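What follows is the content of run.cif (mmCIF, C-alpha atoms and all ligand atoms).
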```cif
data_model
loop_
_atom_site.group_PDB
_atom_site.id
_atom_site.type_symbol
_atom_site.label_atom_id
_atom_site.label_comp_id
_atom_site.auth_asym_id
_atom_site.auth_seq_id
_atom_site.Cartn_x
_atom_site.Cartn_y
_atom_site.Cartn_z
ATOM 1 C CA MET A 1 17.664 33.799 31.013
ATOM 2 C CA GLU A 2 19.588 30.801 32.319
ATOM 3 C CA MET A 3 18.107 27.326 31.780
ATOM 4 C CA LYS A 4 20.600 25.417 33.926
ATOM 5 C CA GLY A 5 19.188 22.042 34.999
ATOM 6 C CA LYS A 6 15.950 22.462 33.024
ATOM 7 C CA THR A 7 14.786 19.690 30.720
ATOM 8 C CA VAL A 8 13.502 21.097 27.457
ATOM 9 C CA VAL A 9 11.676 18.998 24.858
ATOM 10 C CA ILE A 10 11.695 20.428 21.324
ATOM 11 C CA THR A 11 9.642 18.786 18.576
ATOM 12 C CA GLY A 12 10.864 19.283 15.034
ATOM 13 C CA GLY A 13 14.195 19.924 16.711
ATOM 14 C CA ALA A 14 16.414 18.426 14.000
ATOM 15 C CA ASN A 15 16.253 21.314 11.511
ATOM 16 C CA GLY A 16 15.426 24.967 11.041
ATOM 17 C CA ILE A 17 14.033 26.927 13.984
ATOM 18 C CA GLY A 18 13.912 23.840 16.235
ATOM 19 C CA ALA A 19 17.608 23.042 15.710
ATOM 20 C CA VAL A 20 18.684 26.616 16.432
ATOM 21 C CA ALA A 21 16.473 26.583 19.536
ATOM 22 C CA ALA A 22 18.002 23.257 20.670
ATOM 23 C CA GLN A 23 21.468 24.811 20.498
ATOM 24 C CA LEU A 24 20.384 28.002 22.251
ATOM 25 C CA PHE A 25 18.810 26.066 25.135
ATOM 26 C CA GLY A 26 21.861 23.787 25.258
ATOM 27 C CA LYS A 27 24.166 26.812 25.535
ATOM 28 C CA LYS A 28 21.989 28.139 28.372
ATOM 29 C CA GLY A 29 22.619 24.940 30.329
ATOM 30 C CA ALA A 30 19.430 22.965 29.584
ATOM 31 C CA GLN A 31 19.181 19.226 28.982
ATOM 32 C CA VAL A 32 17.626 19.104 25.535
ATOM 33 C CA ALA A 33 15.419 16.314 24.159
ATOM 34 C CA ILE A 34 15.313 16.642 20.375
ATOM 35 C CA LEU A 35 12.207 14.983 18.897
ATOM 36 C CA ASP A 36 11.944 14.632 15.131
ATOM 37 C CA TYR A 37 11.158 12.057 12.458
ATOM 38 C CA ASN A 38 14.385 12.970 10.638
ATOM 39 C CA GLU A 39 16.774 10.541 12.329
ATOM 40 C CA THR A 40 19.909 11.500 10.390
ATOM 41 C CA ALA A 41 19.649 15.218 11.144
ATOM 42 C CA GLY A 42 18.489 14.633 14.726
ATOM 43 C CA GLU A 43 21.336 12.253 15.622
ATOM 44 C CA ALA A 44 23.846 14.568 13.948
ATOM 45 C CA LEU A 45 22.642 17.580 15.942
ATOM 46 C CA ALA A 46 22.658 15.706 19.264
ATOM 47 C CA GLY A 47 26.212 14.497 18.478
ATOM 48 C CA GLU A 48 27.352 18.007 17.589
ATOM 49 C CA MET A 49 25.874 19.403 20.807
ATOM 50 C CA HIS A 50 27.589 16.669 22.869
ATOM 51 C CA ALA A 51 30.889 17.508 21.213
ATOM 52 C CA GLN A 52 30.408 21.117 22.344
ATOM 53 C CA GLY A 53 29.808 19.989 25.932
ATOM 54 C CA MET A 54 26.032 20.366 25.910
ATOM 55 C CA GLU A 55 23.524 17.834 27.172
ATOM 56 C CA ALA A 56 21.247 16.594 24.418
ATOM 57 C CA ALA A 57 19.559 13.392 23.294
ATOM 58 C CA PHE A 58 17.663 12.553 20.118
ATOM 59 C CA PHE A 59 14.372 10.623 20.152
ATOM 60 C CA LYS A 60 13.023 9.557 16.757
ATOM 61 C CA THR A 61 9.339 10.458 16.775
ATOM 62 C CA ASP A 62 6.585 11.279 14.336
ATOM 63 C CA VAL A 63 4.395 13.694 16.295
ATOM 64 C CA ALA A 64 1.349 12.665 14.255
ATOM 65 C CA LYS A 65 1.604 9.089 15.610
ATOM 66 C CA ARG A 66 0.039 8.920 19.053
ATOM 67 C CA ASN A 67 1.664 5.674 20.159
ATOM 68 C CA GLN A 68 5.122 6.795 19.109
ATOM 69 C CA VAL A 69 4.675 10.064 21.008
ATOM 70 C CA LYS A 70 3.542 8.213 24.127
ATOM 71 C CA GLU A 71 6.548 5.869 23.971
ATOM 72 C CA THR A 72 8.913 8.794 23.417
ATOM 73 C CA ALA A 73 7.515 10.678 26.411
ATOM 74 C CA GLU A 74 8.229 7.612 28.572
ATOM 75 C CA LYS A 75 11.777 7.391 27.171
ATOM 76 C CA VAL A 76 12.452 11.114 27.717
ATOM 77 C CA LEU A 77 11.199 10.925 31.306
ATOM 78 C CA ALA A 78 13.301 7.794 31.937
ATOM 79 C CA HIS A 79 16.367 9.505 30.433
ATOM 80 C CA PHE A 80 16.131 12.967 32.022
ATOM 81 C CA GLY A 81 13.781 12.240 34.957
ATOM 82 C CA LYS A 82 11.502 15.220 34.278
ATOM 83 C CA VAL A 83 10.264 17.737 31.767
ATOM 84 C CA ASP A 84 10.215 21.484 32.473
ATOM 85 C CA VAL A 85 9.522 22.885 29.018
ATOM 86 C CA LEU A 86 7.727 21.483 25.975
ATOM 87 C CA ILE A 87 8.105 23.344 22.685
ATOM 88 C CA ASN A 88 5.625 22.088 20.079
ATOM 89 C CA ASN A 89 7.619 23.329 17.101
ATOM 90 C CA ALA A 90 7.284 20.521 14.488
ATOM 91 C CA GLY A 91 5.351 21.631 11.441
ATOM 92 C CA ILE A 92 4.891 21.116 7.706
ATOM 93 C CA THR A 93 3.352 22.928 4.745
ATOM 94 C CA ARG A 94 1.567 21.358 1.748
ATOM 95 C CA ASP A 95 0.278 24.382 -0.134
ATOM 96 C CA ALA A 96 -2.451 24.598 -2.792
ATOM 97 C CA MET A 97 -5.348 26.906 -3.578
ATOM 98 C CA LEU A 98 -8.577 25.688 -1.989
ATOM 99 C CA LEU A 99 -10.138 24.185 -5.140
ATOM 100 C CA LYS A 100 -6.918 22.293 -5.910
ATOM 101 C CA MET A 101 -6.275 21.097 -2.383
ATOM 102 C CA GLU A 102 -6.653 17.314 -2.120
ATOM 103 C CA ALA A 103 -8.400 16.139 1.051
ATOM 104 C CA GLU A 104 -5.316 13.999 1.802
ATOM 105 C CA ILE A 105 -2.943 16.970 2.001
ATOM 106 C CA PHE A 106 -5.477 18.937 4.032
ATOM 107 C CA GLN A 107 -5.549 16.079 6.537
ATOM 108 C CA GLN A 108 -1.767 15.512 6.482
ATOM 109 C CA VAL A 109 -1.082 19.081 7.617
ATOM 110 C CA ILE A 110 -3.774 18.930 10.299
ATOM 111 C CA ASP A 111 -2.345 15.597 11.532
ATOM 112 C CA VAL A 112 1.148 17.040 12.073
ATOM 113 C CA ASN A 113 0.550 20.706 12.941
ATOM 114 C CA LEU A 114 -2.612 20.389 15.036
ATOM 115 C CA THR A 115 -3.033 16.778 16.177
ATOM 116 C CA GLY A 116 0.737 16.545 16.713
ATOM 117 C CA VAL A 117 0.552 19.399 19.231
ATOM 118 C CA PHE A 118 -2.408 17.694 20.932
ATOM 119 C CA ASN A 119 -0.540 14.337 21.052
ATOM 120 C CA CYS A 120 2.689 15.753 22.480
ATOM 121 C CA THR A 121 0.986 17.949 25.066
ATOM 122 C CA GLN A 122 -1.184 15.080 26.295
ATOM 123 C CA ALA A 123 1.921 12.891 26.604
ATOM 124 C CA PHE A 124 4.125 15.356 28.530
ATOM 125 C CA LEU A 125 1.562 17.317 30.563
ATOM 126 C CA PRO A 126 1.011 14.721 33.341
ATOM 127 C CA ALA A 127 4.684 14.957 34.389
ATOM 128 C CA MET A 128 4.383 18.756 34.577
ATOM 129 C CA ILE A 129 1.191 18.537 36.615
ATOM 130 C CA ALA A 130 2.903 16.105 38.997
ATOM 131 C CA ALA A 131 5.786 18.586 39.375
ATOM 132 C CA GLY A 132 3.367 21.500 39.891
ATOM 133 C CA LYS A 133 5.084 23.580 37.187
ATOM 134 C CA GLY A 134 5.924 23.672 33.527
ATOM 135 C CA LYS A 135 6.008 25.786 30.390
ATOM 136 C CA ILE A 136 4.371 24.804 27.128
ATOM 137 C CA ILE A 137 5.137 26.791 23.992
ATOM 138 C CA ASN A 138 3.184 26.112 20.808
ATOM 139 C CA THR A 139 4.294 27.312 17.401
ATOM 140 C CA SER A 140 1.543 29.021 15.460
ATOM 141 C CA SER A 141 2.095 31.368 12.503
ATOM 142 C CA ILE A 142 0.930 34.697 11.143
ATOM 143 C CA ALA A 143 -0.938 32.487 8.645
ATOM 144 C CA GLY A 144 -2.974 31.295 11.638
ATOM 145 C CA THR A 145 -3.835 34.809 12.766
ATOM 146 C CA GLY A 146 -4.343 36.412 9.349
ATOM 147 C CA GLY A 147 -4.775 33.594 6.804
ATOM 148 C CA ASN A 148 -2.537 33.177 3.740
ATOM 149 C CA VAL A 149 -3.147 32.433 0.064
ATOM 150 C CA GLY A 150 -2.607 28.736 -0.723
ATOM 151 C CA GLN A 151 -2.567 27.700 2.919
ATOM 152 C CA THR A 152 -6.106 26.605 3.860
ATOM 153 C CA ASN A 153 -4.731 23.539 5.672
ATOM 154 C CA TYR A 154 -1.773 25.298 7.275
ATOM 155 C CA ALA A 155 -3.756 28.391 8.378
ATOM 156 C CA ALA A 156 -6.484 26.171 9.844
ATOM 157 C CA SER A 157 -3.913 24.136 11.775
ATOM 158 C CA LYS A 158 -2.107 27.215 13.093
ATOM 159 C CA ALA A 159 -5.366 28.969 14.086
ATOM 160 C CA GLY A 160 -6.317 25.746 15.875
ATOM 161 C CA VAL A 161 -3.020 25.844 17.755
ATOM 162 C CA ILE A 162 -4.005 29.274 19.117
ATOM 163 C CA GLY A 163 -7.370 27.908 20.254
ATOM 164 C CA MET A 164 -5.682 25.024 22.073
ATOM 165 C CA THR A 165 -3.093 27.366 23.614
ATOM 166 C CA ARG A 166 -5.750 29.634 25.128
ATOM 167 C CA THR A 167 -7.828 26.677 26.308
ATOM 168 C CA TRP A 168 -4.892 24.930 28.016
ATOM 169 C CA ALA A 169 -3.784 28.211 29.618
ATOM 170 C CA LYS A 170 -7.207 28.330 31.280
ATOM 171 C CA GLU A 171 -7.310 24.612 32.098
ATOM 172 C CA TYR A 172 -3.817 24.255 33.595
ATOM 173 C CA GLY A 173 -2.795 27.722 34.835
ATOM 174 C CA ARG A 174 -4.044 26.743 38.270
ATOM 175 C CA LYS A 175 -1.623 23.771 38.179
ATOM 176 C CA GLY A 176 1.324 26.154 37.739
ATOM 177 C CA ILE A 177 1.679 25.606 34.015
ATOM 178 C CA ASN A 178 2.066 28.432 31.489
ATOM 179 C CA VAL A 179 0.855 27.785 27.946
ATOM 180 C CA ASN A 180 1.718 30.325 25.275
ATOM 181 C CA ALA A 181 2.193 30.465 21.513
ATOM 182 C CA VAL A 182 4.686 32.102 19.198
ATOM 183 C CA ALA A 183 3.454 33.236 15.786
ATOM 184 C CA PRO A 184 6.468 33.646 13.494
ATOM 185 C CA GLY A 185 6.389 35.743 10.338
ATOM 186 C CA PHE A 186 8.493 34.584 7.380
ATOM 187 C CA ILE A 187 11.662 32.953 8.733
ATOM 188 C CA GLU A 188 14.691 31.858 6.685
ATOM 189 C CA THR A 189 14.481 28.049 6.854
ATOM 190 C CA ASP A 190 13.846 25.191 4.401
ATOM 191 C CA MET A 191 10.120 25.739 4.971
ATOM 192 C CA ILE A 192 10.070 28.888 2.845
ATOM 193 C CA SER A 193 12.675 27.751 0.295
ATOM 194 C CA THR A 194 9.985 27.148 -2.356
ATOM 195 C CA ILE A 195 8.643 30.720 -2.208
ATOM 196 C CA PRO A 196 9.654 32.516 -5.455
ATOM 197 C CA GLY A 197 12.236 35.326 -5.182
ATOM 198 C CA LYS A 198 9.685 37.903 -6.382
ATOM 199 C CA ILE A 199 7.380 37.101 -3.445
ATOM 200 C CA ILE A 200 10.291 37.148 -0.971
ATOM 201 C CA THR A 201 11.096 40.682 -2.169
ATOM 202 C CA GLN A 202 7.450 41.696 -1.577
ATOM 203 C CA ILE A 203 7.519 40.133 1.893
ATOM 204 C CA LYS A 204 10.636 42.144 2.763
ATOM 205 C CA GLN A 205 8.962 45.321 1.468
ATOM 206 C CA MET A 206 6.007 44.656 3.798
ATOM 207 C CA THR A 207 8.345 44.321 6.781
ATOM 208 C CA PRO A 208 9.531 47.552 8.458
ATOM 209 C CA PHE A 209 12.965 45.987 9.059
ATOM 210 C CA ALA A 210 13.106 45.036 5.352
ATOM 211 C CA ARG A 211 14.350 41.519 6.027
ATOM 212 C CA LEU A 212 13.128 38.016 6.689
ATOM 213 C CA GLY A 213 13.267 36.655 10.217
ATOM 214 C CA LYS A 214 16.130 34.406 11.311
ATOM 215 C CA PRO A 215 15.614 31.139 13.225
ATOM 216 C CA GLU A 216 17.409 32.873 16.134
ATOM 217 C CA ASP A 217 14.603 35.463 16.295
ATOM 218 C CA ILE A 218 12.103 32.690 17.080
ATOM 219 C CA ALA A 219 14.474 30.709 19.312
ATOM 220 C CA ASN A 220 14.918 33.832 21.467
ATOM 221 C CA ALA A 221 11.125 34.159 21.813
ATOM 222 C CA TYR A 222 10.966 30.480 22.876
ATOM 223 C CA LEU A 223 13.693 31.156 25.446
ATOM 224 C CA PHE A 224 11.803 34.116 26.909
ATOM 225 C CA LEU A 225 8.561 32.120 27.190
ATOM 226 C CA ALA A 226 10.455 29.159 28.711
ATOM 227 C CA SER A 227 12.219 31.299 31.300
ATOM 228 C CA GLY A 228 11.187 32.738 34.648
ATOM 229 C CA ALA A 229 11.051 36.166 32.934
ATOM 230 C CA SER A 230 7.612 35.226 31.574
ATOM 231 C CA ASP A 231 6.061 33.662 34.683
ATOM 232 C CA PHE A 232 2.918 35.859 34.568
ATOM 233 C CA ILE A 233 2.399 35.462 30.821
ATOM 234 C CA ASN A 234 -0.222 32.828 30.029
ATOM 235 C CA GLY A 235 -2.485 32.171 27.028
ATOM 236 C CA THR A 236 -0.795 34.779 24.871
ATOM 237 C CA VAL A 237 0.305 34.704 21.237
ATOM 238 C CA LEU A 238 3.642 36.407 20.702
ATOM 239 C CA GLU A 239 3.920 37.608 17.096
ATOM 240 C CA VAL A 240 7.547 37.604 15.927
ATOM 241 C CA ASP A 241 7.300 39.032 12.428
ATOM 242 C CA GLY A 242 9.296 42.264 12.458
ATOM 243 C CA GLY A 243 6.061 44.260 12.521
ATOM 244 C CA MET A 244 4.970 42.979 9.091
ATOM 245 C CA LEU A 245 2.161 45.099 7.663
ATOM 246 C CA LYS A 246 -1.073 43.101 7.429
HETATM 247 P P1 LIG N 1 11.668 23.263 8.926
HETATM 248 O O1 LIG N 1 10.994 22.568 7.799
HETATM 249 O O2 LIG N 1 12.997 23.882 8.696
HETATM 250 O O3 LIG N 1 11.778 22.294 10.185
HETATM 251 C C1 LIG N 1 10.681 21.555 10.648
HETATM 252 C C2 LIG N 1 11.175 20.360 11.416
HETATM 253 O O4 LIG N 1 10.019 19.604 11.834
HETATM 254 C C3 LIG N 1 12.033 19.408 10.577
HETATM 255 O O5 LIG N 1 13.152 18.989 11.337
HETATM 256 C C4 LIG N 1 11.112 18.230 10.302
HETATM 257 O O6 LIG N 1 11.804 17.001 10.118
HETATM 258 C C5 LIG N 1 10.249 18.235 11.555
HETATM 259 N N1 LIG N 1 8.966 17.551 11.369
HETATM 260 C C6 LIG N 1 8.068 17.740 10.378
HETATM 261 N N2 LIG N 1 7.034 16.896 10.526
HETATM 262 C C7 LIG N 1 7.278 16.156 11.640
HETATM 263 C C8 LIG N 1 6.592 15.118 12.299
HETATM 264 N N3 LIG N 1 5.427 14.630 11.838
HETATM 265 N N4 LIG N 1 7.131 14.601 13.420
HETATM 266 C C9 LIG N 1 8.315 15.056 13.898
HETATM 267 N N5 LIG N 1 9.027 16.028 13.302
HETATM 268 C C10 LIG N 1 8.511 16.574 12.180
HETATM 269 O O7 LIG N 1 10.609 24.357 9.406
HETATM 270 P P2 LIG N 1 10.799 25.627 10.362
HETATM 271 O O8 LIG N 1 10.717 26.814 9.511
HETATM 272 O O9 LIG N 1 11.934 25.432 11.263
HETATM 273 O O10 LIG N 1 9.415 25.540 11.179
HETATM 274 C C11 LIG N 1 9.339 25.318 12.571
HETATM 275 C C12 LIG N 1 7.955 25.729 13.032
HETATM 276 O O11 LIG N 1 7.760 27.120 12.774
HETATM 277 C C13 LIG N 1 6.821 25.010 12.292
HETATM 278 O O12 LIG N 1 5.772 24.722 13.179
HETATM 279 C C14 LIG N 1 6.372 26.036 11.276
HETATM 280 O O13 LIG N 1 5.041 25.825 10.879
HETATM 281 C C15 LIG N 1 6.558 27.313 12.071
HETATM 282 N N6 LIG N 1 6.643 28.493 11.255
HETATM 283 C C16 LIG N 1 7.657 28.669 10.357
HETATM 284 C C17 LIG N 1 7.694 29.793 9.558
HETATM 285 C C18 LIG N 1 8.770 30.049 8.558
HETATM 286 O O14 LIG N 1 8.665 31.043 7.830
HETATM 287 N N7 LIG N 1 9.814 29.249 8.466
HETATM 288 C C19 LIG N 1 6.641 30.817 9.651
HETATM 289 C C20 LIG N 1 5.633 30.539 10.643
HETATM 290 C C21 LIG N 1 5.649 29.418 11.420
#
```
Please express what this file holds, its structure, as structure tokens.
Amino acid sequence: MEMKGKTVVITGGANGIGAVAAQLFGKKGAQVAILDYNETAGEALAGEMHAQGMEAAFFKTDVAKRNQVKETAEKVLAHFGKVDVLINNAGITRDAMLLKMEAEIFQQVIDVNLTGVFNCTQAFLPAMIAAGKGKIINTSSIAGTGGNVGQTNYAASKAGVIGMTRTWAKEYGRKGINVNAVAPGFIETDMISTIPGKIITQIKQMTPFARLGKPEDIANAYLFLASGASDFINGTVLEVDGGMLK
């Protein structure tokens, strides 16, 4: 699954799954645009990738801010000349049980995880349509397919991502654009660092492979959906959770 000459945009690319994906695509020969609001980590990663002979550039962007996203899309297109793959990977959690969930944190998660995906896709899609091809990969979650205690906001945002994925697959398939989603299970990144050890043990027990997922497990799914190997796959949700029992 070579990506030589492809321009790949990864949101939330400074840390966790996004950073591992940025390096994987870089190693496969892609030009990688790392979008994130964490400037320190994003610049450091782009520098590290350059030092290893990969092509990467960091663009400071908050995906929840429409104007910033629009400006970034213009900068990315000016820098790389095109976009072949957009991976809407940026995401946050702000957990609380429903009755304790402040309206502000409900909205904050929707703004990043759902509206952010809408903003970025609207900004990059026209260039793909003009090129007559493109791959869009949205990051959902098993919380979006099955719900999860304490995650009303997060589950709603990730279920919404699936709805948008299937809609865009129908709207833009005829323009040569594939739109798919990946639904990770529990993956070892900062995002799950607040989950108590006791719960992590239970999660492992519910997983046939008896382990958490690694960022590489998700990055590999992104690579498959970005590559020519998935050209006839459109509007699907690829669950990458080790077969976790639901
Ligand atoms: P992470 O917390 O390690 O990394 C998320 C990245 O997104 C960070 O670099 C952060 O700075 C960036 N980000 C957050 N809000 C942003 C914004 N408004 N604008 C731009 N960048 C922003 O998280 P992780 O685990 O790498 O998550 C990546 C994706 O995978 C997320 O969409 C998450 O919801 C999803 N996911 C993760 C799971 C896990 O167990 N780690 C499980 C299911 C889905």
inquiry  = Which residues are near Lys214 (chain A)? Cut-off 10 Å, all atoms listed in the file, ignore same chain within fewer than 6 positions. Put them as a PyMOL selection string.
reply    = chain A and resi 16-17+20+184-189
Please dump the current selection as a PDB file, in the frame of the given file; keep C-alpha atoms.
```
ATOM      1  CA  GLY A  16      15.426  24.967  11.041  1.00  0.00           C
ATOM      2  CA  ILE A  17      14.033  26.927  13.984  1.00  0.00           C
ATOM      3  CA  VAL A  20      18.684  26.616  16.432  1.00  0.00           C
ATOM      4  CA  PRO A 184       6.468  33.646  13.494  1.00  0.00           C
ATOM      5  CA  GLY A 185       6.389  35.743  10.338  1.00  0.00           C
ATOM      6  CA  PHE A 186       8.493  34.584   7.380  1.00  0.00           C
ATOM      7  CA  ILE A 187      11.662  32.953   8.733  1.00  0.00           C
ATOM      8  CA  GLU A 188      14.691  31.858   6.685  1.00  0.00           C
ATOM      9  CA  THR A 189      14.481  28.049   6.854  1.00  0.00           C
TER      10      THR A 189
END
```
task = Give me the result of the PyMOL selection byres (((chain A and resi 199-211) around 6) and not hetatm) on this file, residue by residue, as a PyMOL selection string.
result = chain A and resi 196-198+212+244-245
ask   = Can I get the residues close to ligand LIG 1 (chain N) as a ChimeraX atom specification, where close means within 8 Å and we count only C-alpha atoms and all ligand atoms?
value = /A:11-19,35-38,41-42,60-65,88-93,111-113,116,139-143,154,158,183-192,213,215
Residues matched by the PyMOL selection byres (((chain A and resi 8) around 7) and not hetatm) as an mmCIF file with C-alpha atoms, in the frame of the given file:
```
data_model
loop_
_atom_site.group_PDB
_atom_site.id
_atom_site.type_symbol
_atom_site.label_atom_id
_atom_site.label_comp_id
_atom_site.auth_asym_id
_atom_site.auth_seq_id
_atom_site.Cartn_x
_atom_site.Cartn_y
_atom_site.Cartn_z
ATOM 1 C CA LYS A 6 15.950 22.462 33.024
ATOM 2 C CA THR A 7 14.786 19.690 30.720
ATOM 3 C CA VAL A 9 11.676 18.998 24.858
ATOM 4 C CA ILE A 10 11.695 20.428 21.324
ATOM 5 C CA ALA A 30 19.430 22.965 29.584
ATOM 6 C CA GLN A 31 19.181 19.226 28.982
ATOM 7 C CA VAL A 32 17.626 19.104 25.535
ATOM 8 C CA ALA A 33 15.419 16.314 24.159
ATOM 9 C CA VAL A 83 10.264 17.737 31.767
ATOM 10 C CA ASP A 84 10.215 21.484 32.473
ATOM 11 C CA VAL A 85 9.522 22.885 29.018
ATOM 12 C CA LEU A 86 7.727 21.483 25.975
#
```
ask   = Pick the closest to Leu225 (chain A) from A:Gln107, A:Thr194, A:Thr167, A:Asn180: which is it, counting all atoms listed in the file?
value =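 Closest to Leu225 (chain A) of all the choices is A:Asn180.
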query = Residues at most 10 Å from Gly47 (chain A), counting only C-alpha atoms, excluding those fewer than 5 positions away in the same chain, as a PyMOL selection string?
reply = chain A and resi 41-42+52-58
Mind giving me the axis-aligned box for region 169-187 of chain A with 5 Å on every side, centre plus edges in Å to one decimal, as JSON?
```
{"center_x": 2.2, "center_y": 29.8, "center_z": 22.8, "size_x": 29.0, "size_y": 22.0, "size_z": 40.9}
```
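Minimum distance to Lys135 (chain A) across A:Asn153, A:Asn220, A:Asn178, A:Thr236 (counting only C-alpha atoms) occurs at A:Asn178.
When only C-alpha atoms are used to compute distances to Leu223 (chain A), the closest of the residues A:Val182, A:Phe124, A:Ile105, A:Lys133 turns out to be A:Val182.
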key: Thr152 (chain A) environment, 7 Å, all atoms listed in the file, sequence neighbours closer than 3 positions dropped, as a PyMOL selection string   = chain A and resi 98+155-156
Just to be explicit: take each residue in the selection above, keep C-alpha atoms, and write the result as a compact mmCIF listing (two decimals), in the frame of the given file.
```txt
# COMPACT_ATOMS: atom_id res chain seq x y z
CA LEU A 98 -8.58 25.69 -1.99
CA ALA A 155 -3.76 28.39 8.38
CA ALA A 156 -6.48 26.17 9.84
```
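The gap separating CA of Gly26 (chain A) from CA of Glu43 (chain A) is 15.0 Å, in Å to one decimal.
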Interatomic distance, CA of His50 (chain A) to CA of Phe80 (chain A) (Å, one decimal) =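 Taking CA of His50 (chain A) as the start and CA of Phe80 (chain A) as the end point, the length is 15.1 Å.
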message = Please compute the CA of Lys28 (chain A)-CA of Leu114 (chain A) distance, one decimal, in Å.
response =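 Between these atoms lies a distance of 29.0 Å.
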ask   = Using only C-alpha atoms, which of A:Gly29, A:Ala226, A:Thr40, A:Lys82 sits nearest Leu125 (chain A)?
value = A:Lys82
task = Could you please give me, as a PyMOL selection string, the residues of protein, DNA or RNA lying at most 9 Å from (-2.0, 26.3, -2.4) in the coordinate frame of the file, considering all atoms listed in the file?
result = chain A and resi 94-101+149-153
ask   = Using all atoms listed in the file, which of the listed residues (A:Ala131, A:Leu77, A:Val69, A:Ala46) sits closest to Val117 (chain A)?
value = A:Val69
Proximity to Ser230 (chain A) - best of A:Ile177, A:Ile129, A:Asn148, A:Ala103, only C-alpha atoms =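 Checking each candidate against Ser230 (chain A), we get A:Ile177 as the closest.
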query = Leaving out Arg166 (chain A) and any residue of its chain fewer than 5 positions from it, which residues lie within 12 Å of it when counting all atoms listed in the file, given as a PyMOL selection string?
reply = chain A and resi 136-138+159-161+171-173+178-181+233-237
